[in-house]
file input.txt (compact mmCIF, C-alpha atoms)
# COMPACT_ATOMS: atom_id res chain seq x y z
CA MET A 1 8.97 5.29 -42.13
CA ALA A 2 12.71 5.68 -41.68
CA VAL A 3 13.97 6.46 -38.22
CA ARG A 4 16.76 8.91 -37.55
CA GLY A 5 18.54 7.24 -34.67
CA GLY A 6 16.94 4.27 -32.97
CA ARG A 7 15.86 2.73 -29.73
CA THR A 8 18.94 3.78 -27.79
CA VAL A 9 18.69 7.39 -28.94
CA ALA A 10 14.98 7.48 -28.08
CA PHE A 11 15.50 5.88 -24.68
CA VAL A 12 18.40 8.12 -23.69
CA GLY A 13 16.66 11.21 -25.02
CA ALA A 14 13.45 10.56 -23.09
CA LEU A 15 15.33 9.63 -19.93
CA GLY A 16 17.61 12.67 -20.13
CA VAL A 17 14.87 15.21 -20.82
CA THR A 18 12.64 13.75 -18.11
CA ARG A 19 15.37 13.78 -15.49
CA ALA A 20 16.54 17.28 -16.39
CA VAL A 21 13.02 18.73 -16.24
CA TYR A 22 12.30 16.94 -12.98
CA GLU A 23 15.42 18.32 -11.30
CA VAL A 24 14.69 21.86 -12.52
CA LEU A 25 11.12 21.70 -11.22
CA ARG A 26 12.26 20.38 -7.85
CA ARG A 27 14.74 23.21 -7.44
CA ARG A 28 12.58 26.04 -8.70
CA ALA A 29 9.20 24.79 -7.40
CA PRO A 30 6.99 26.86 -9.78
CA GLY A 31 3.97 28.44 -8.15
CA GLY A 32 5.28 27.80 -4.68
CA THR A 33 6.15 24.56 -2.94
CA GLU A 34 2.65 23.70 -1.76
CA SER A 35 1.09 23.95 -5.23
CA GLY A 36 3.46 21.25 -6.42
CA ARG A 37 2.80 18.77 -3.65
CA ARG A 38 0.11 16.23 -2.86
CA THR A 39 -0.63 13.90 0.04
CA ASN A 40 -0.41 10.29 -1.07
CA TYR A 41 -2.42 7.26 0.06
CA ALA A 42 -0.22 6.82 3.15
CA GLY A 43 -0.52 10.45 4.22
CA ARG A 44 2.98 11.41 3.07
CA ALA A 45 3.64 14.64 1.19
CA VAL A 46 5.10 13.99 -2.26
CA ASP A 47 5.80 16.31 -5.18
CA LEU A 48 3.95 16.22 -8.50
CA TYR A 49 6.90 17.10 -10.69
CA ALA A 50 7.31 13.62 -12.17
CA GLY A 51 4.10 14.23 -14.13
CA PRO A 52 5.15 17.20 -16.28
CA ALA A 53 8.70 15.87 -16.46
CA THR A 54 7.69 12.52 -17.95
CA ALA A 55 5.22 14.22 -20.30
CA LEU A 56 7.90 16.50 -21.72
CA GLY A 57 10.41 13.64 -21.84
CA ALA A 58 7.98 11.42 -23.74
CA ALA A 59 7.05 14.22 -26.15
CA ALA A 60 10.65 15.21 -26.88
CA GLY A 61 12.49 11.91 -26.66
CA ALA A 62 11.65 10.18 -29.94
CA ALA A 63 14.06 10.22 -32.89
CA LEU A 64 11.31 9.89 -35.47
CA PRO A 65 10.18 11.24 -38.85
CA ALA A 66 8.16 14.44 -38.65
CA GLY A 67 4.76 12.79 -39.11
CA ALA A 68 5.20 10.20 -36.39
CA ARG A 69 6.90 12.68 -34.07
CA GLY A 70 4.03 15.12 -34.49
CA ALA A 71 1.42 12.46 -33.80
CA VAL A 72 3.17 11.21 -30.68
CA SER A 73 3.85 14.70 -29.34
CA LEU A 74 0.22 15.68 -29.90
CA ALA A 75 -1.14 12.60 -28.14
CA VAL A 76 1.30 12.83 -25.22
CA LEU A 77 1.00 16.57 -24.59
CA ALA A 78 -2.78 16.61 -24.96
CA ALA A 79 -3.12 13.68 -22.56
CA ALA A 80 -0.78 15.43 -20.13
CA ALA A 81 -2.70 18.71 -20.37
CA CYS A 82 -6.02 16.99 -19.71
CA GLY A 83 -4.47 15.09 -16.83
CA ALA A 84 -2.96 18.26 -15.39
CA TYR A 85 -6.36 19.93 -15.51
CA ASP A 86 -7.90 17.02 -13.64
CA ASP A 87 -5.03 16.98 -11.14
CA ARG A 88 -5.90 20.59 -10.26
CA ALA A 89 -9.63 20.98 -10.85
CA GLY A 90 -10.64 17.47 -9.82
CA ALA A 91 -8.45 17.07 -6.74
CA GLY A 92 -11.37 17.34 -4.33
CA ASP A 93 -13.99 15.57 -6.45
CA PRO A 94 -15.01 12.28 -4.79
CA ARG A 95 -16.58 10.89 -7.97
CA ARG A 96 -14.67 8.04 -9.58
CA GLY A 97 -14.98 6.27 -12.90
CA PHE A 98 -16.33 7.13 -16.33
CA ARG A 99 -19.93 6.40 -15.38
CA ALA A 100 -19.95 9.00 -12.62
CA HIS A 101 -18.53 11.70 -14.87
CA LEU A 102 -20.81 10.85 -17.79
CA THR A 103 -23.80 10.88 -15.46
CA ALA A 104 -22.80 14.34 -14.25
CA LEU A 105 -22.44 15.46 -17.87
CA ARG A 106 -25.91 14.17 -18.66
CA ASP A 107 -27.19 16.26 -15.75
CA GLY A 108 -25.54 19.37 -17.17
CA GLU A 109 -22.30 19.41 -15.14
CA VAL A 110 -18.99 19.30 -16.99
CA THR A 111 -16.53 17.67 -14.61
CA SER A 112 -12.77 17.62 -14.97
CA GLY A 113 -13.03 13.88 -15.58
CA ALA A 114 -15.36 14.47 -18.53
CA VAL A 115 -12.98 17.07 -19.96
CA LYS A 116 -10.18 14.54 -19.65
CA LEU A 117 -12.19 11.75 -21.27
CA PHE A 118 -13.22 13.72 -24.35
CA GLY A 119 -10.01 15.73 -24.64
CA ILE A 120 -7.79 12.66 -24.71
CA GLY A 121 -10.19 10.92 -27.07
CA ALA A 122 -10.13 13.83 -29.53
CA ALA A 123 -6.33 14.04 -29.48
CA ALA A 124 -6.08 10.27 -29.97
CA LEU A 125 -8.32 10.51 -33.05
CA VAL A 126 -6.05 13.12 -34.60
CA ALA A 127 -2.90 11.15 -33.69
CA GLY A 128 -4.42 7.96 -35.08
CA GLY A 129 -5.17 9.78 -38.31
CA LEU A 130 -1.53 10.81 -38.60
CA LEU A 131 -0.17 7.33 -37.89
CA LYS A 132 -2.54 5.26 -40.05
CA GLU A 133 -4.05 5.69 -43.51
CA ARG A 134 -7.28 3.69 -43.60
CA PRO A 135 -10.35 4.94 -41.68
CA VAL A 136 -10.87 1.71 -39.73
CA ASP A 137 -7.22 1.61 -38.72
CA ARG A 138 -7.36 5.24 -37.64
CA ILE A 139 -10.31 4.56 -35.33
CA LEU A 140 -8.65 1.48 -33.87
CA ALA A 141 -5.45 3.48 -33.37
CA ALA A 142 -7.38 6.17 -31.50
CA VAL A 143 -8.93 3.57 -29.21
CA VAL A 144 -5.52 2.07 -28.46
CA ILE A 145 -3.88 5.45 -27.73
CA ALA A 146 -6.72 6.79 -25.58
CA GLY A 147 -7.20 3.40 -23.91
CA GLY A 148 -3.50 3.17 -23.14
CA ALA A 149 -3.61 6.58 -21.48
CA HIS A 150 -6.53 5.62 -19.27
CA CYS A 151 -5.16 2.15 -18.44
CA VAL A 152 -1.83 3.47 -17.13
CA ASN A 153 -3.72 6.08 -15.13
CA LEU A 154 -5.71 3.30 -13.46
CA LEU A 155 -2.43 1.79 -12.23
CA ASP A 156 -1.37 4.99 -10.51
CA VAL A 157 -2.87 4.26 -7.10
CA ARG A 158 0.27 3.25 -5.19
CA PRO A 159 3.88 4.46 -5.32
CA GLY A 160 5.72 3.31 -8.42
CA ARG A 161 2.94 1.10 -9.73
CA ALA A 162 2.32 3.08 -12.92
CA CYS A 163 6.03 3.54 -13.65
CA VAL A 164 6.74 -0.15 -13.16
CA GLY A 165 3.72 -0.98 -15.30
CA VAL A 166 5.02 1.22 -18.12
CA LEU A 167 8.45 -0.42 -17.91
CA ALA A 168 6.90 -3.90 -18.05
CA LEU A 169 4.43 -3.12 -20.82
CA GLY A 170 6.95 -1.20 -22.91
CA ALA A 171 9.84 -3.67 -22.60
CA PRO A 172 8.59 -6.14 -25.28
CA GLY A 173 8.38 -3.27 -27.75
CA LEU A 174 12.10 -2.66 -27.36
CA LEU A 175 12.68 -5.87 -29.31
CA ARG A 176 11.13 -4.29 -32.40
CA ARG A 177 13.18 -2.41 -34.93
CA GLY A 178 12.43 0.86 -36.63
CA THR A 179 9.73 3.29 -35.59
CA ALA A 180 7.88 0.86 -33.31
CA GLY A 181 11.00 0.08 -31.28
CA ALA A 182 11.99 3.73 -30.97
CA LEU A 183 8.46 4.65 -29.90
CA ALA A 184 8.44 1.92 -27.24
CA ALA A 185 11.76 3.22 -25.89
CA VAL A 186 10.29 6.68 -25.26
CA PRO A 187 7.85 5.91 -22.39
CA VAL A 188 10.27 3.31 -21.03
CA GLY A 189 13.03 5.91 -20.84
CA ALA A 190 10.78 8.55 -19.33
CA ALA A 191 9.47 6.14 -16.68
CA ALA A 192 12.97 4.89 -15.89
CA ALA A 193 14.05 8.45 -15.12
CA VAL A 194 11.66 8.82 -12.17
CA VAL A 195 10.77 5.28 -11.06
CA ALA A 196 13.19 5.33 -8.11
CA ASP A 197 11.74 8.60 -6.81
CA ASP A 198 8.21 7.30 -7.32
CA LEU A 199 8.91 4.06 -5.46
CA GLY A 200 10.65 6.05 -2.72
CA GLU A 201 7.49 8.16 -2.26
CA ARG A 202 9.28 11.40 -3.11
CA THR A 203 7.14 12.09 -6.18
CA MET A 204 4.09 10.85 -8.04
CA LEU A 205 3.06 10.86 -11.68
CA GLY A 206 -0.47 12.04 -11.07
CA ASP A 207 -2.90 12.10 -13.98
CA THR A 208 -0.46 14.34 -15.87
CA GLY A 209 2.32 11.77 -16.15
CA ALA A 210 0.22 8.61 -16.14
CA HIS A 211 -1.91 9.71 -19.08
CA ALA A 212 1.11 10.97 -20.99
CA LEU A 213 3.06 7.72 -20.58
CA GLY A 214 0.00 5.66 -21.44
CA ALA A 215 -0.61 7.64 -24.62
CA ALA A 216 3.03 7.13 -25.60
CA LEU A 217 2.71 3.39 -25.03
CA GLY A 218 -0.43 3.34 -27.13
CA ALA A 219 1.35 5.14 -29.96
CA ALA A 220 4.12 2.53 -29.89
CA VAL A 221 1.53 -0.24 -30.18
CA VAL A 222 -0.12 1.55 -33.10
CA ALA A 223 3.18 1.92 -34.94
CA GLY A 224 4.02 -1.76 -34.54
CA ASN A 225 0.73 -3.39 -35.50
CA GLY A 226 -1.56 -3.88 -38.45
CA ARG A 227 -5.33 -4.06 -38.31
CA THR A 228 -5.56 -7.42 -36.54
CA GLY A 229 -3.07 -6.41 -33.87
CA LEU A 230 -4.77 -3.06 -33.42
CA ALA A 231 -8.16 -4.72 -33.02
CA LEU A 232 -6.83 -7.13 -30.38
CA HIS A 233 -5.11 -4.36 -28.46
CA ALA A 234 -8.21 -2.17 -28.71
CA LEU A 235 -10.32 -4.94 -27.20
CA GLY A 236 -7.73 -5.41 -24.48
CA VAL A 237 -7.56 -1.76 -23.41
CA VAL A 238 -11.35 -1.39 -23.51
CA ALA A 239 -11.77 -4.47 -21.30
CA ALA A 240 -9.02 -3.35 -18.92
CA THR A 241 -10.43 0.17 -18.69
CA ALA A 242 -13.96 -1.12 -18.07
CA TYR A 243 -12.72 -3.44 -15.34
CA GLY A 244 -10.58 -0.73 -13.76
CA ASP A 245 -13.47 1.72 -13.93
CA ARG A 246 -15.71 -0.71 -12.06
CA VAL A 247 -13.07 -1.44 -9.42
CA GLY A 248 -12.20 2.25 -9.13
CA ARG A 249 -15.74 3.12 -8.08
CA HIS A 250 -15.24 0.99 -4.97
CA ALA A 251 -11.60 1.79 -4.20
CA SER A 252 -9.00 4.50 -4.43
CA SER A 253 -8.57 5.52 -8.07
CA PRO A 254 -6.68 8.25 -9.90
CA MET A 255 -9.73 9.37 -11.77

call {"tool": "encode", "arguments": {"input": "input.txt", "output": "C-alpha cells"}}
result
Amino acid sequence: MAVRGGRTVAFVGALGVTRAVYEVLRRRAPGGTESGRRTNYAGRAVDLYAGPATALGAAAGAALPAGARGAVSLAVLAAAACGAYDDRAGAGDPRRGFRAHLTALRDGEVTSGAVKLFGIGAAALVAGGLLKERPVDRILAAVVIAGGAHCVNLLDVRPGRACVGVLALGAPGLLRRGTAGALAAVPVGAAAAVVADDLGERTMLGDTGAHALGAALGAAVVAGNGRTGLALHALGVVAATAYGDRVGRHASSPM
C-alpha cells in the first residue's frame, strides 16, 4: 500500500487534531462541567476530555490509503465508543475483569464491560479483515487490535501511565517506513498531545481514550507484520490481558 505523506504527516496530524479537540472541549464543556469530570485515584477532580480528543486524533491523523484508513478509523472509533459507554454506564460498577463481566452475562445481565468486550472484538474482526487477506491472518489481526485496546486500558490506573505506555510501545514502530510507520505515528502523536496534562492530573484518558489508542497501536502492529509476527504479538497481548485481568480483580482497574 502506498502512503500519501508519511510518519511526520501522521504524527503532526494526530497531535494537532487531538490538541485542537481537547482545547475546544475544555472551553465549551459539553453537557455541563460536572458531566465531563471524574475523581481520580488521589481524590482530585480531572476532566475526561483527553479521551474523545485522542480518539478523534487517532482516527483522523493517518495519511493512509482509503482501505487502511477505513480499517483504522473503524477500530479506533468503535473502541472509543465502547469505552465511552463504559465510562458512563459502568462508572459505579465495582466488578472488575473479564471474568466478572462474563459471569454476569451468563447470569443474564449485560454489563457495560461485556458490551465493551464484544463490541471492540467485533470491530477488530472487521478491521482485521480490511487489513489482511488470508482468514488466519485476519483472525490474528483482530486479536492484536482488540488485545492492544484492552492492554492499554489496563495501564490507565495512574496519571499518565497509559499515555507514556503508548509513547514507549509506539516508538519502535516509528523506525518503520510506509504504512506501518505512519500508523505507529498516529497513536504516538495523539498521546503526545495530552501526556503533559495527564501527568499533571488535569485530565485522564478514561476507557474512551485508552481503548482508542490501544486499537491504533494494534493496527500499526498488524500493518507491519506477517503471520509469524502477528502470532507472536497475539500471544503477547493475550498473556498481558490475562495477567492484567487477574491483577485488576484485586486492585484498582479501569475496567

call {"tool": "axis_aligned_box", "arguments": {"input": "input.txt", "around": "range 224-234 of chain A", "padding_each_side": "6 Å", "output": "lines of an AutoDock Vina configuration file"}}
result
center_x = -2.1
center_y = -4.6
center_z = -33.5
size_x = 24.2
size_y = 17.7
size_z = 22.0

call {"tool": "residues_around", "arguments": {"input": "input.txt", "residues": "range 13-22 of chain A", "least_positions_apart": "4", "cutoff": "9 Å", "atoms": "all atoms listed in the file", "output": "number ranges by chain"}}
result
A: 8-9, 26-27, 49-63, 185-194

call {"tool": "closest_residue", "arguments": {"input": "input.txt", "among": "A:Ala89, A:Ala212, A:Leu131, A:Ala231", "to": "Ala71 in chain A", "atoms": "only C-alpha atoms"}}
result
A:Leu131

call {"tool": "atom_distance", "arguments": {"input": "input.txt", "atom1": "CA of Ala146 in chain A", "atom2": "CA of Ala180 in chain A"}}
result
17.6 Å

call {"tool": "closest_residue", "arguments": {"input": "input.txt", "among": "A:Cys151, A:Ala79, A:Leu140, A:Ile145", "to": "Thr241 in chain A", "atoms": "all atoms listed in the file"}}
result
A:Cys151

call {"tool": "closest_residue", "arguments": {"input": "input.txt", "among": "A:Gly148, A:Gly43, A:Gly70, A:Gly206", "to": "Leu130 in chain A", "atoms": "all atoms listed in the file"}}
result
A:Gly70

call {"tool": "closest_residue", "arguments": {"input": "input.txt", "among": "A:Cys82, A:Val222, A:Val46, A:Cys163", "to": "Glu133 in chain A", "atoms": "all atoms listed in the file"}}
result
A:Val222

call {"tool": "closest_residue", "arguments": {"input": "input.txt", "among": "A:Thr203, A:Thr111, A:Asn225, A:Thr208", "to": "Ala141 in chain A", "atoms": "all atoms listed in the file"}}
result
A:Asn225

call {"tool": "closest_residue", "arguments": {"input": "input.txt", "among": "A:Gly160, A:Gly129, A:Gly36, A:Gly178", "to": "Gly224 in chain A", "atoms": "only C-alpha atoms"}}
result
A:Gly178

call {"tool": "atom_distance", "arguments": {"input": "input.txt", "atom1": "CA of Leu232 in chain A", "atom2": "CA of Val195 in chain A"}}
result
28.9 Å

call {"tool": "atom_distance", "arguments": {"input": "input.txt", "atom1": "CA of Leu117 in chain A", "atom2": "CA of His150 in chain A"}}
result
8.6 Å

call {"tool": "residues_around", "arguments": {"input": "input.txt", "residues": "Gly6 in chain A", "least_positions_apart": "4", "cutoff": "8 Å", "atoms": "all atoms listed in the file", "output": "ChimeraX atom specification"}}
result
/A:10,63,177-179,181-182

call {"tool": "residues_around", "arguments": {"input": "input.txt", "residues": "Leu125 in chain A", "least_positions_apart": "6", "cutoff": "12 Å", "atoms": "only C-alpha atoms", "output": "PDB file with C-alpha atoms, in the coordinates of the input"}}
result
ATOM      1  CA  ALA A  71       1.420  12.460 -33.800  1.00  0.00           C
ATOM      2  CA  VAL A  72       3.170  11.210 -30.680  1.00  0.00           C
ATOM      3  CA  LEU A  74       0.220  15.680 -29.900  1.00  0.00           C
ATOM      4  CA  ALA A  75      -1.140  12.600 -28.140  1.00  0.00           C
ATOM      5  CA  ALA A  78      -2.780  16.610 -24.960  1.00  0.00           C
ATOM      6  CA  PHE A 118     -13.220  13.720 -24.350  1.00  0.00           C
ATOM      7  CA  GLY A 119     -10.010  15.730 -24.640  1.00  0.00           C
ATOM      8  CA  LEU A 131      -0.170   7.330 -37.890  1.00  0.00           C
ATOM      9  CA  LYS A 132      -2.540   5.260 -40.050  1.00  0.00           C
ATOM     10  CA  PRO A 135     -10.350   4.940 -41.680  1.00  0.00           C
ATOM     11  CA  VAL A 136     -10.870   1.710 -39.730  1.00  0.00           C
ATOM     12  CA  ASP A 137      -7.220   1.610 -38.720  1.00  0.00           C
ATOM     13  CA  ARG A 138      -7.360   5.240 -37.640  1.00  0.00           C
ATOM     14  CA  ILE A 139     -10.310   4.560 -35.330  1.00  0.00           C
ATOM     15  CA  LEU A 140      -8.650   1.480 -33.870  1.00  0.00           C
ATOM     16  CA  ALA A 141      -5.450   3.480 -33.370  1.00  0.00           C
ATOM     17  CA  ALA A 142      -7.380   6.170 -31.500  1.00  0.00           C
ATOM     18  CA  VAL A 143      -8.930   3.570 -29.210  1.00  0.00           C
ATOM     19  CA  VAL A 144      -5.520   2.070 -28.460  1.00  0.00           C
ATOM     20  CA  ILE A 145      -3.880   5.450 -27.730  1.00  0.00           C
ATOM     21  CA  ALA A 146      -6.720   6.790 -25.580  1.00  0.00           C
ATOM     22  CA  GLY A 147      -7.200   3.400 -23.910  1.00  0.00           C
ATOM     23  CA  ALA A 215      -0.610   7.640 -24.620  1.00  0.00           C
ATOM     24  CA  ALA A 219       1.350   5.140 -29.960  1.00  0.00           C
TER      25      ALA A 219
END

call {"tool": "decode", "arguments": {"input": "input.txt", "residues": "range 167-228 of chain A", "atoms": "C-alpha atoms", "output": "tab-separated table (two decimals), in the first residue's frame"}}
result
chain	number	residue	atom	x	y	z
A	167	LEU	CA	4.62	6.52	23.57
A	168	ALA	CA	7.01	3.75	24.61
A	169	LEU	CA	5.22	0.96	22.74
A	170	GLY	CA	4.68	3.03	19.61
A	171	ALA	CA	8.20	4.50	19.36
A	172	PRO	CA	9.85	1.41	17.76
A	173	GLY	CA	7.22	1.48	15.03
A	174	LEU	CA	8.37	4.95	14.02
A	175	LEU	CA	11.51	3.33	12.61
A	176	ARG	CA	9.43	1.53	10.00
A	177	ARG	CA	8.71	3.02	6.62
A	178	GLY	CA	5.47	3.12	4.71
A	179	THR	CA	2.07	2.31	6.14
A	180	ALA	CA	3.37	0.65	9.31
A	181	GLY	CA	5.47	3.68	10.27
A	182	ALA	CA	2.66	6.13	9.55
A	183	LEU	CA	0.23	4.03	11.57
A	184	ALA	CA	2.62	3.90	14.53
A	185	ALA	CA	2.97	7.69	14.41
A	186	VAL	CA	-0.78	8.17	14.86
A	187	PRO	CA	-1.24	6.94	18.47
A	188	VAL	CA	2.17	8.38	19.39
A	189	GLY	CA	1.11	11.81	18.14
A	190	ALA	CA	-2.28	11.64	19.83
A	191	ALA	CA	-0.76	10.58	23.16
A	192	ALA	CA	1.95	13.24	22.93
A	193	ALA	CA	-0.73	15.92	22.62
A	194	VAL	CA	-2.18	15.24	26.09
A	195	VAL	CA	0.55	13.46	28.05
A	196	ALA	CA	1.58	16.60	29.95
A	197	ASP	CA	-2.00	17.28	31.04
A	198	ASP	CA	-2.45	13.64	32.01
A	199	LEU	CA	0.74	13.57	34.08
A	200	GLY	CA	-0.26	16.89	35.65
A	201	GLU	CA	-3.59	15.35	36.76
A	202	ARG	CA	-5.65	17.85	34.78
A	203	THR	CA	-7.21	15.20	32.54
A	204	MET	CA	-7.48	11.45	32.09
A	205	LEU	CA	-7.93	9.20	29.07
A	206	GLY	CA	-10.59	7.03	30.62
A	207	ASP	CA	-11.73	3.94	28.75
A	208	THR	CA	-12.59	6.14	25.76
A	209	GLY	CA	-9.03	7.25	25.04
A	210	ALA	CA	-7.18	4.21	26.34
A	211	HIS	CA	-9.11	1.79	24.15
A	212	ALA	CA	-8.83	4.06	21.13
A	213	LEU	CA	-5.05	4.46	21.44
A	214	GLY	CA	-4.60	0.75	22.07
A	215	ALA	CA	-6.61	-0.15	18.97
A	216	ALA	CA	-4.49	2.26	16.92
A	217	LEU	CA	-1.32	0.65	18.24
A	218	GLY	CA	-2.68	-2.76	17.38
A	219	ALA	CA	-3.45	-1.64	13.84
A	220	ALA	CA	0.13	-0.43	13.45
A	221	VAL	CA	1.42	-3.83	14.56
A	222	VAL	CA	-0.89	-5.56	12.10
A	223	ALA	CA	0.30	-3.40	9.21
A	224	GLY	CA	3.95	-4.09	9.97
A	225	ASN	CA	3.91	-7.85	10.50
A	226	GLY	CA	3.33	-11.07	8.64
A	227	ARG	CA	1.77	-14.20	10.09
A	228	THR	CA	4.64	-15.11	12.41
